[in-house]
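**Student:** Have a peek at query_28.txt (compact mmCIF, C-alpha atoms).
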# COMPACT_ATOMS: atom_id res chain seq x y z
CA MET A 1 -5.86 123.47 -0.42
CA SER A 2 -6.30 126.34 -2.85
CA ARG A 3 -7.18 125.57 -6.43
CA SER A 4 -6.49 126.89 -9.90
CA SER A 5 -9.32 127.01 -12.39
CA GLY A 6 -9.94 126.59 -16.09
CA TRP A 7 -10.85 124.03 -18.66
CA ALA A 8 -7.27 123.92 -19.99
CA ARG A 9 -6.04 122.52 -16.68
CA GLU A 10 -8.92 120.05 -16.66
CA ALA A 11 -8.16 119.03 -20.26
CA ILE A 12 -4.50 118.38 -19.40
CA ALA A 13 -5.55 116.17 -16.48
CA VAL A 14 -7.99 114.20 -18.67
CA PHE A 15 -5.35 113.85 -21.43
CA ALA A 16 -2.72 112.56 -18.96
CA LYS A 17 -5.21 110.18 -17.33
CA ASP A 18 -6.36 108.78 -20.69
CA TRP A 19 -2.77 108.09 -21.77
CA LEU A 20 -1.99 106.40 -18.49
CA VAL A 21 -5.06 104.17 -18.85
CA GLU A 22 -4.22 103.51 -22.51
CA LEU A 23 -0.61 102.54 -21.74
CA ARG A 24 -1.91 100.05 -19.15
CA THR A 25 -4.70 98.56 -21.28
CA ARG A 26 -3.57 99.27 -24.88
CA VAL A 27 -7.19 98.95 -26.05
CA ALA A 28 -7.20 101.82 -28.57
CA LEU A 29 -3.54 101.39 -29.58
CA GLY A 30 -4.09 97.68 -30.18
CA ALA A 31 -7.21 98.21 -32.29
CA VAL A 32 -5.77 101.06 -34.32
CA VAL A 33 -2.30 99.65 -35.00
CA LEU A 34 -3.51 96.11 -35.69
CA PHE A 35 -6.11 97.29 -38.19
CA ALA A 36 -3.76 99.71 -39.94
CA PHE A 37 -0.78 97.34 -40.02
CA THR A 38 -2.83 94.41 -41.36
CA SER A 39 -4.52 96.56 -44.00
CA VAL A 40 -1.27 98.09 -45.23
CA VAL A 41 0.57 94.77 -45.42
CA ALA A 42 -2.39 93.04 -47.12
CA SER A 43 -2.64 95.89 -49.65
CA GLY A 44 1.09 95.73 -50.28
CA PHE A 45 0.91 92.05 -51.17
CA ALA A 46 -2.40 92.25 -53.04
CA LEU A 47 -1.52 95.16 -55.33
CA GLU A 48 1.36 93.49 -57.14
CA PRO A 49 3.18 95.14 -58.82
CA PRO A 50 2.47 98.40 -56.94
CA SER A 51 4.03 100.47 -59.73
CA GLY A 52 1.07 99.59 -61.94
CA VAL A 53 -1.50 101.06 -59.51
CA PRO A 54 -2.60 104.66 -60.31
CA ALA A 55 -1.62 107.34 -57.76
CA GLU A 56 -5.23 108.30 -57.07
CA VAL A 57 -6.04 104.70 -56.11
CA LYS A 58 -3.02 104.57 -53.78
CA ALA A 59 -3.97 107.91 -52.21
CA SER A 60 -7.57 106.76 -51.71
CA LEU A 61 -6.48 103.47 -50.19
CA LEU A 62 -4.12 105.23 -47.75
CA TRP A 63 -6.87 107.51 -46.40
CA VAL A 64 -9.48 104.75 -46.30
CA ILE A 65 -7.09 102.70 -44.14
CA LEU A 66 -6.40 105.68 -41.87
CA PHE A 67 -10.12 106.47 -41.60
CA PHE A 68 -11.19 102.96 -40.62
CA ALA A 69 -8.27 102.64 -38.20
CA ALA A 70 -9.42 105.90 -36.60
CA VAL A 71 -13.00 104.62 -36.37
CA ALA A 72 -11.76 101.38 -34.79
CA GLY A 73 -9.89 103.10 -31.97
CA LEU A 74 -10.61 106.78 -31.63
CA SER A 75 -14.39 106.63 -31.58
CA ARG A 76 -14.39 104.68 -28.29
CA VAL A 77 -12.78 107.36 -26.18
CA PHE A 78 -16.11 108.53 -24.70
CA VAL A 79 -17.92 105.18 -24.87
CA VAL A 80 -15.30 103.57 -22.64
CA GLU A 81 -16.14 106.04 -19.83
CA GLU A 82 -19.80 104.96 -20.01
CA GLU A 83 -19.00 101.24 -20.25
CA THR A 84 -16.60 101.27 -17.30
CA ARG A 85 -19.05 103.45 -15.29
CA THR A 86 -16.45 106.18 -14.74
CA ALA A 87 -18.44 108.80 -16.67
CA ASP A 88 -20.37 110.09 -13.63
CA ALA A 89 -17.21 110.62 -11.58
CA LEU A 90 -15.74 112.49 -14.56
CA ARG A 91 -18.92 114.58 -14.98
CA LEU A 92 -18.83 115.54 -11.34
CA THR A 93 -15.17 116.57 -11.51
CA VAL A 94 -14.48 118.09 -14.93
CA SER A 95 -16.42 120.60 -17.05
CA PRO A 96 -17.76 119.38 -20.42
CA ALA A 97 -15.23 121.58 -22.23
CA GLY A 98 -12.35 120.09 -20.23
CA VAL A 99 -13.49 116.54 -21.02
CA PHE A 100 -13.97 117.23 -24.74
CA VAL A 101 -10.68 119.06 -25.27
CA GLY A 102 -8.72 116.48 -23.23
CA LYS A 103 -10.14 113.62 -25.25
CA LEU A 104 -9.68 115.47 -28.53
CA ALA A 105 -6.00 115.99 -27.65
CA PHE A 106 -5.67 112.29 -26.78
CA ASN A 107 -7.22 111.25 -30.12
CA THR A 108 -5.10 113.72 -32.09
CA VAL A 109 -1.87 112.39 -30.59
CA LEU A 110 -3.04 108.80 -31.13
CA MET A 111 -3.84 109.59 -34.77
CA CYS A 112 -0.44 111.23 -35.30
CA LEU A 113 1.26 108.14 -33.80
CA LEU A 114 -0.81 105.94 -36.10
CA CYS A 115 0.33 107.97 -39.11
CA ALA A 116 3.96 107.87 -37.99
CA VAL A 117 3.82 104.06 -38.04
CA THR A 118 1.47 103.44 -40.96
CA VAL A 119 2.41 106.02 -43.59
CA PRO A 120 6.14 105.16 -43.96
CA LEU A 121 5.23 101.45 -44.20
CA TYR A 122 2.57 102.24 -46.79
CA LEU A 123 4.98 104.34 -48.87
CA LEU A 124 7.54 101.54 -48.73
CA LEU A 125 5.22 98.65 -49.64
CA LEU A 126 3.15 100.45 -52.25
CA GLU A 127 6.02 102.47 -53.75
CA ALA A 128 4.10 105.75 -53.56
CA PRO A 129 5.80 108.35 -55.80
CA VAL A 130 6.15 111.36 -53.48
CA ARG A 131 7.27 114.48 -55.38
CA HIS A 132 6.67 117.10 -52.71
CA TRP A 133 7.70 115.70 -49.32
CA ASN A 134 6.98 118.89 -47.35
CA LEU A 135 3.48 119.13 -48.79
CA PHE A 136 2.83 115.45 -48.15
CA VAL A 137 3.82 115.79 -44.47
CA VAL A 138 1.54 118.83 -44.08
CA VAL A 139 -1.35 116.96 -45.74
CA VAL A 140 -0.89 113.91 -43.51
CA VAL A 141 -0.71 116.06 -40.35
CA LEU A 142 -3.74 118.21 -41.25
CA GLY A 143 -5.72 115.26 -42.63
CA SER A 144 -5.10 113.09 -39.58
CA MET A 145 -5.98 115.99 -37.26
CA ALA A 146 -9.22 116.54 -39.20
CA LEU A 147 -10.08 112.83 -38.95
CA ALA A 148 -9.32 112.93 -35.21
CA CYS A 149 -11.66 115.93 -34.84
CA ALA A 150 -14.40 114.21 -36.87
CA THR A 151 -14.24 110.88 -35.00
CA THR A 152 -14.00 112.63 -31.60
CA ALA A 153 -17.01 114.81 -32.41
CA VAL A 154 -19.17 111.92 -33.58
CA GLY A 155 -17.91 109.65 -30.76
CA ALA A 156 -18.90 112.31 -28.22
CA ILE A 157 -22.37 112.71 -29.71
CA VAL A 158 -23.19 108.98 -29.79
CA ALA A 159 -21.52 107.96 -26.50
CA LYS A 160 -24.75 107.92 -24.48
CA ALA A 161 -26.96 106.44 -27.21
CA THR A 162 -28.09 102.85 -26.79
CA THR A 163 -27.80 102.21 -30.55
CA ARG A 164 -24.44 103.92 -30.75
CA GLY A 165 -22.94 101.53 -33.34
CA ALA A 166 -25.55 102.26 -35.99
CA LEU A 167 -25.73 105.93 -35.05
CA PHE A 168 -21.97 106.32 -35.37
CA GLY A 169 -22.07 105.04 -38.95
CA VAL A 170 -24.92 107.34 -39.91
CA LEU A 171 -23.28 110.43 -38.39
CA ALA A 172 -19.67 109.65 -39.33
CA PHE A 173 -20.45 109.40 -43.04
CA PRO A 174 -21.41 113.06 -43.64
CA VAL A 175 -18.95 114.42 -41.07
CA ALA A 176 -15.84 112.52 -42.15
CA LEU A 177 -16.42 112.39 -45.91
CA PRO A 178 -15.46 116.03 -46.76
CA PRO A 179 -12.03 115.96 -45.04
CA LEU A 180 -11.43 112.47 -46.40
CA LEU A 181 -12.07 113.51 -50.02
CA VAL A 182 -9.99 116.67 -49.63
CA ALA A 183 -7.08 114.76 -48.03
CA ILE A 184 -7.12 112.23 -50.89
CA HIS A 185 -7.01 115.04 -53.47
CA ALA A 186 -4.18 116.85 -51.66
CA THR A 187 -2.21 113.61 -51.27
CA LYS A 188 -2.45 112.95 -54.99
CA ALA A 189 -1.24 116.50 -55.63
CA ALA A 190 1.76 115.93 -53.32
CA TRP A 191 2.60 112.70 -55.11
CA VAL A 192 2.20 113.45 -58.81
CA SER A 193 1.43 117.14 -59.54
CA GLU A 194 4.25 119.35 -60.74
CA ASN A 195 2.66 122.33 -58.98
CA GLY A 196 1.69 120.37 -55.90
CA TRP A 197 1.49 123.29 -53.44
CA ARG A 198 -0.62 125.38 -55.86
CA VAL A 199 -3.01 122.48 -56.52
CA ALA A 200 -3.33 121.58 -52.84
CA THR A 201 -3.59 125.07 -51.29
CA GLY A 202 -7.39 125.03 -51.41
CA ASP A 203 -7.44 121.55 -49.89
CA LEU A 204 -5.25 122.62 -46.98
CA GLN A 205 -7.54 125.60 -46.37
CA VAL A 206 -10.58 123.32 -46.38
CA LEU A 207 -8.96 120.93 -43.89
CA THR A 208 -8.03 123.82 -41.57
CA GLY A 209 -11.48 125.39 -41.93
CA PHE A 210 -13.14 122.04 -41.24
CA MET A 211 -11.33 121.77 -37.91
CA LEU A 212 -12.10 125.38 -37.01
CA VAL A 213 -15.81 124.69 -37.56
CA ILE A 214 -16.23 121.13 -36.26
CA VAL A 215 -14.44 121.62 -32.90
CA PRO A 216 -16.47 124.61 -31.59
CA ALA A 217 -19.70 123.20 -33.05
CA SER A 218 -19.28 119.78 -31.43
CA LEU A 219 -18.20 121.45 -28.18
CA LEU A 220 -21.51 123.33 -28.08
CA VAL A 221 -23.49 120.13 -28.73
CA PHE A 222 -21.36 118.12 -26.30
CA GLU A 223 -22.10 120.46 -23.38
CA HIS A 224 -25.78 119.47 -23.64
CA ILE A 225 -25.29 115.77 -24.38
CA TRP A 226 -22.66 115.17 -21.70
CA SER A 227 -24.69 116.84 -18.97
CA GLU A 228 -27.67 114.49 -19.31
CA MET B 1 -20.72 130.65 5.67
CA SER B 2 -24.11 129.05 5.08
CA TRP B 3 -24.80 126.41 2.49
CA GLN B 4 -28.29 125.48 1.39
CA ILE B 5 -29.75 123.02 -1.07
CA VAL B 6 -33.32 123.67 -2.19
CA LEU B 7 -35.44 121.21 -4.18
CA ARG B 8 -38.48 122.89 -5.74
CA ARG B 9 -41.18 120.53 -7.03
CA VAL B 10 -38.56 118.29 -8.65
CA GLY B 11 -39.74 115.61 -11.05
CA LYS B 12 -37.96 113.19 -13.37
CA VAL B 13 -39.38 111.25 -16.31
CA TYR B 14 -37.47 108.46 -18.10
CA ASP B 15 -38.84 107.37 -21.48
CA GLU B 16 -42.29 108.77 -20.63
CA ARG B 17 -42.24 106.87 -17.30
CA PRO B 18 -42.36 109.18 -14.25
CA VAL B 19 -39.74 108.12 -11.69
CA LEU B 20 -40.04 111.09 -9.32
CA TRP B 21 -42.61 113.85 -9.06
CA ASP B 22 -43.28 116.91 -6.95
CA ILE B 23 -40.32 116.52 -4.57
CA SER B 24 -39.69 119.61 -2.46
CA ALA B 25 -37.20 119.92 0.39
CA LYS B 26 -34.62 122.26 1.86
CA VAL B 27 -31.44 121.46 3.79
CA THR B 28 -29.10 123.92 5.47
CA ALA B 29 -25.58 123.22 6.73
CA PRO B 30 -24.52 121.82 9.09
CA GLY B 31 -26.26 118.47 9.30
CA ALA B 32 -26.96 115.04 7.86
CA TRP B 33 -30.15 113.82 6.17
CA THR B 34 -31.39 110.56 4.72
CA ILE B 35 -33.45 109.72 1.65
CA LEU B 36 -35.28 106.49 2.41
CA GLY B 37 -37.19 104.08 0.24
CA PRO B 38 -37.19 100.55 -1.17
CA ASN B 39 -35.27 99.43 -4.26
CA GLY B 40 -36.56 101.08 -7.42
CA SER B 41 -38.19 103.98 -5.60
CA GLY B 42 -35.89 106.57 -7.21
CA LYS B 43 -33.39 107.25 -4.40
CA SER B 44 -30.34 107.10 -6.67
CA THR B 45 -32.07 109.20 -9.32
CA LEU B 46 -32.91 111.85 -6.72
CA LEU B 47 -29.34 111.89 -5.45
CA LYS B 48 -28.06 112.30 -9.02
CA LEU B 49 -30.50 115.18 -9.53
CA ILE B 50 -29.15 116.82 -6.37
CA ALA B 51 -25.57 116.26 -7.57
CA GLY B 52 -26.34 117.82 -10.95
CA LEU B 53 -25.58 114.59 -12.81
CA LEU B 54 -29.17 114.57 -14.11
CA THR B 55 -31.42 117.46 -15.12
CA PRO B 56 -34.92 117.48 -13.62
CA THR B 57 -37.80 117.13 -16.06
CA ASP B 58 -39.83 119.43 -13.77
CA GLY B 59 -38.81 121.84 -11.04
CA GLU B 60 -35.24 122.69 -10.05
CA VAL B 61 -32.42 121.96 -7.64
CA VAL B 62 -30.75 125.11 -6.36
CA TYR B 63 -27.52 125.46 -4.41
CA LEU B 64 -27.16 128.61 -2.32
CA HIS B 65 -24.03 129.89 -0.63
CA ASN B 66 -24.63 132.90 1.63
CA GLY B 67 -27.84 133.44 -0.32
CA GLU B 68 -26.06 133.46 -3.71
CA ARG B 69 -27.11 130.90 -6.31
CA LEU B 70 -24.23 128.69 -7.52
CA THR B 71 -23.38 128.10 -11.19
CA ALA B 72 -22.92 124.58 -12.59
CA GLN B 73 -19.13 124.95 -12.28
CA GLN B 74 -19.38 126.15 -8.67
CA ARG B 75 -21.74 123.29 -7.86
CA ARG B 76 -19.22 120.76 -9.24
CA GLN B 77 -16.63 122.19 -6.85
CA ALA B 78 -19.09 122.09 -3.94
CA VAL B 79 -20.15 118.45 -4.27
CA GLY B 80 -18.49 115.14 -3.48
CA MET B 81 -20.41 111.95 -4.23
CA VAL B 82 -20.02 108.22 -3.63
CA ALA B 83 -22.37 105.81 -5.39
CA PRO B 84 -22.28 102.12 -6.34
CA ASP B 85 -22.47 102.93 -10.06
CA MET B 86 -19.76 105.60 -9.93
CA ALA B 87 -16.57 103.68 -10.59
CA LEU B 88 -12.94 104.69 -10.39
CA TYR B 89 -10.33 103.88 -13.06
CA ARG B 90 -9.53 100.21 -12.49
CA PRO B 91 -6.27 100.08 -14.51
CA LEU B 92 -4.83 102.98 -12.46
CA THR B 93 -3.34 102.70 -9.00
CA ALA B 94 -4.93 104.23 -5.90
CA LEU B 95 -2.40 107.09 -6.00
CA GLU B 96 -2.95 107.72 -9.73
CA ASN B 97 -6.73 107.82 -9.26
CA LEU B 98 -6.43 110.25 -6.39
CA ARG B 99 -3.88 112.35 -8.30
CA PHE B 100 -6.19 112.61 -11.32
CA PHE B 101 -9.24 113.72 -9.32
CA ALA B 102 -7.16 116.21 -7.31
CA ARG B 103 -5.39 117.75 -10.31
CA ALA B 104 -8.54 117.85 -12.46
CA ARG B 105 -10.06 119.94 -9.67
CA GLY B 106 -7.03 122.23 -9.74
CA LEU B 107 -5.65 121.28 -6.34
CA PRO B 108 -1.90 121.98 -6.13
CA VAL B 109 -1.16 118.67 -4.41
CA GLN B 110 2.09 116.75 -4.24
CA ASP B 111 2.26 112.97 -4.07
CA ASN B 112 3.31 113.19 -0.41
CA ASP B 113 0.04 114.98 0.41
CA LEU B 114 -1.93 112.28 -1.38
CA LEU B 115 0.01 109.49 0.32
CA SER B 116 -0.86 111.06 3.68
CA LEU B 117 -4.53 111.01 2.69
CA LEU B 118 -4.24 107.35 1.68
CA GLU B 119 -2.65 106.67 5.07
CA GLN B 120 -5.80 108.03 6.75
CA VAL B 121 -7.95 105.38 5.05
CA GLN B 122 -5.40 102.57 5.60
CA LEU B 123 -4.49 102.37 1.91
CA ARG B 124 -0.92 103.71 2.11
CA ALA B 125 0.60 100.25 1.59
CA GLN B 126 -1.55 99.71 -1.52
CA ALA B 127 -0.94 103.19 -2.99
CA HIS B 128 0.90 101.80 -6.02
CA ASP B 129 -1.41 98.84 -6.68
CA PRO B 130 -4.00 98.97 -9.51
CA ILE B 131 -7.42 99.22 -7.91
CA ALA B 132 -8.54 96.27 -10.06
CA THR B 133 -6.81 94.19 -7.36
CA PHE B 134 -8.68 95.89 -4.48
CA SER B 135 -11.46 94.38 -2.37
CA THR B 136 -14.90 96.05 -2.38
CA GLY B 137 -14.21 97.68 0.97
CA MET B 138 -10.87 99.09 -0.17
CA VAL B 139 -12.46 100.54 -3.32
CA GLN B 140 -15.23 102.08 -1.21
CA ARG B 141 -12.68 103.76 1.08
CA LEU B 142 -10.85 105.13 -1.96
CA LYS B 143 -14.12 106.37 -3.47
CA VAL B 144 -14.87 108.28 -0.27
CA LEU B 145 -11.37 109.76 -0.34
CA THR B 146 -11.69 110.92 -3.97
CA ALA B 147 -15.09 112.44 -3.14
CA LEU B 148 -13.59 114.39 -0.25
CA VAL B 149 -10.17 115.30 -1.70
CA HIS B 150 -11.33 118.85 -2.55
CA ARG B 151 -13.03 119.28 0.87
CA PRO B 152 -16.53 119.84 -0.53
CA PRO B 153 -19.22 121.34 1.71
CA VAL B 154 -21.76 118.86 0.33
CA LEU B 155 -21.28 115.07 0.51
CA LEU B 156 -23.80 112.79 -1.21
CA LEU B 157 -23.70 109.08 -0.36
CA ASP B 158 -25.74 106.47 -2.20
CA GLU B 159 -25.95 103.26 -0.16
CA PRO B 160 -22.50 103.90 1.35
CA GLY B 161 -22.46 100.71 3.40
CA SER B 162 -23.29 98.29 0.60
CA ASN B 163 -20.90 95.31 0.71
CA LEU B 164 -19.06 96.73 3.73
CA ASP B 165 -18.26 94.81 6.91
CA GLU B 166 -18.59 96.31 10.41
CA ALA B 167 -15.19 98.01 10.18
CA GLY B 168 -16.21 99.55 6.84
CA MET B 169 -19.52 100.72 8.30
CA GLY B 170 -17.59 102.30 11.17
CA PHE B 171 -15.43 104.15 8.66
CA VAL B 172 -18.53 105.51 6.86
CA ARG B 173 -20.05 106.62 10.20
CA HIS B 174 -16.82 108.43 11.05
CA ILE B 175 -16.78 110.24 7.68
CA ILE B 176 -20.41 111.33 8.09
CA ARG B 177 -19.80 112.60 11.64
CA GLU B 178 -16.81 114.65 10.47
CA GLN B 179 -18.57 116.04 7.38
CA MET B 180 -21.77 117.01 9.21
CA LYS B 181 -19.86 119.22 11.67
CA ASP B 182 -19.93 122.12 9.22
CA GLY B 183 -21.17 120.71 5.92
CA ILE B 184 -24.14 118.87 4.42
CA VAL B 185 -24.41 115.08 4.14
CA ILE B 186 -27.27 113.41 2.29
CA VAL B 187 -27.44 109.61 2.43
CA ALA B 188 -29.75 107.55 0.22
CA THR B 189 -30.38 104.11 1.65
CA ASN B 190 -32.79 101.27 2.30
CA ASP B 191 -30.43 99.56 4.74
CA THR B 192 -31.78 99.58 8.30
CA ARG B 193 -28.19 99.96 9.61
CA GLU B 194 -27.87 103.29 7.76
CA MET B 195 -31.20 104.90 8.58
CA ASP B 196 -29.81 106.62 11.69
CA TYR B 197 -27.07 108.40 9.72
CA GLY B 198 -29.19 111.57 9.66
CA GLU B 199 -32.64 113.13 9.91
CA PRO B 200 -35.16 111.64 7.47
CA LEU B 201 -35.51 114.16 4.62
CA ILE B 202 -37.59 112.33 2.05
CA ARG B 203 -39.37 108.97 2.09
CA LEU B 204 -39.99 107.58 -1.37
CA GLY B 205 -42.58 104.91 -2.18
CA ALA B 206 -41.97 101.87 -4.39
In structure tokens, what does this structure look like?

**Tutor:**
Amino acid sequence: MSRSSGWAREAIAVFAKDWLVELRTRVALGAVVLFAFTSVVASGFALEPPSGVPAEVKASLLWVILFFAAVAGLSRVFVVEEETRTADALRLTVSPAGVFVGKLAFNTVLMCLLCAVTVPLYLLLLEAPVRHWNLFVVVVVLGSMALACATTAVGAIVAKATTRGALFGVLAFPVALPPLLVAIHATKAAWVSENGWRVATGDLQVLTGFMLVIVPASLLVFEHIWSE
Amino acid sequence: MSWQIVLRRVGKVYDERPVLWDISAKVTAPGAWTILGPNGSGKSTLLKLIAGLLTPTDGEVVYLHNGERLTAQQRRQAVGMVAPDMALYRPLTALENLRFFARARGLPVQDNDLLSLLEQVQLRAQAHDPIATFSTGMVQRLKVLTALVHRPPVLLLDEPGSNLDEAGMGFVRHIIREQMKDGIVIVATNDTREMDYGEPLIRLGA
């Protein structure tokens, strides 16, 4: 049998395999959706009346919910390979780049699905005043992609550590905080600013730049961590 | 085409505790060799070092093909390995597992090809069953198949007969005989039934 080569092909295989496993087990989907759904509904009932809550508080709460939902589900994508003892078979078959990109793609799609379920419900229950819908959609897409990149990067780094729970918290804080703060600011701009696009342009550039830096950097680190 | 694996003064230290030290050996295809030693002597660690799953603390493991040194990527394509702590994806079926390992290696296989391979290890009827429902022997046969799906010149087996009955042991013997015709087989074991699988290469102490 002849063979094609390349990490893109490997990444596609890892992505497809991870989705197949996820659809059978629903471990990440269950953790992510349950956390997000419960948090949104609880916030909707607790903040009564929602019209009295400032927009910046609503924007912060939305991204805090998305962040912790991401941590609950997305960070385990590498750990699960170690815990189920499939990591060695994967190491022997797929290059580190193929593994990382495949799992990053899986987490990004999972995060986008989470947003597709959570954000409309949040807007409905908390009566978020969206003025610039196009901008808001762009912010949610870029922000969720940045969070997926951050949690994938940190999850990859801590996967082989014995104290991975504590290490994840220590590493996730500085890595995820910048995109989180920027996404909150851009969301507020999309909701209440008259010149939303002008106010949020810098934020969108920061989110894009964050992803362009964090993905290659974590890929370089991952090659060393994954191989030992 | 000649394949060679050379171990040059290989050592491995875990948490400041030396597990292996000063191991040197050379194997050239075709043939089968054994790494012998009691539990805890470092057989599995040595096999993982040969596979490239671990990096030696000292020395090096070199793969040569027609005298040319292989890269890490080329070594991954050259090696197939079966070990007790190398699991397959339990929620997936036998066919899905095999399909993943074949496609990740870039093999242009169709499901019919994979079903034929499953037929060869008497797993055709269970092709669509999750391997979580498989017996130990069935999982072992599937592990061997996934290790050989890309026809690697080097096959590494860590205690291949563990938990296998006589029929399973016969299957392992057959695989080794086929592989050693033109490739390299290295078996790590402390089972007296497996010590005649190949020439003794390395004896490790406790």

**Student:** Report, in Å with one decimal, the straight-line distance from atom CA of B:Arg69 to atom CA of B:Leu36.

**Tutor:**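 Those two atoms sit 27.2 Å apart.
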
**Student:** Identify, on the basis of all atoms listed in the file, every residue whose closest approach to A:Ser95 does not exceed 10 Å; exclude the query and any residue fewer than 4 positions from it along the same chain; express the result as a VMD selection string.

**Tutor:** (chain A and resid 6 to 7 10 to 11 90 to 91 99 to 100 223 226 to 227) or (chain B and resid 72 to 73 76 104 to 105)

**Student:** Show which residues sit within 12 Å of A:Glu83, as a PyMOL selection string. Count only C-alpha atoms, and ignore same-chain residues fewer than 3 positions away.

**Tutor:** (chain A and resi 76-80+86-88+159-162) or (chain B and resi 85-87+89)

**Student:** Around (-25.1, 127.0, 0.8) in the file's own coordinates, what residues are found within 6 Å if you use all atoms listed in the file, given back as a list in words?

**Tutor:**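 Those residues lying close to the given coordinates are Ser2, Trp3, Gln4, Tyr63, Leu64, His65 and Asn66 of chain B.
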
**Student:** Residues of chain A near chain B: apply a cut-off of 9 Å, count all atoms listed in the file, and supply the list as a PyMOL selection string.

**Tutor:** chain A and resi 1-6+9-14+16-17+20-22+24-25+84-95+98+227-228
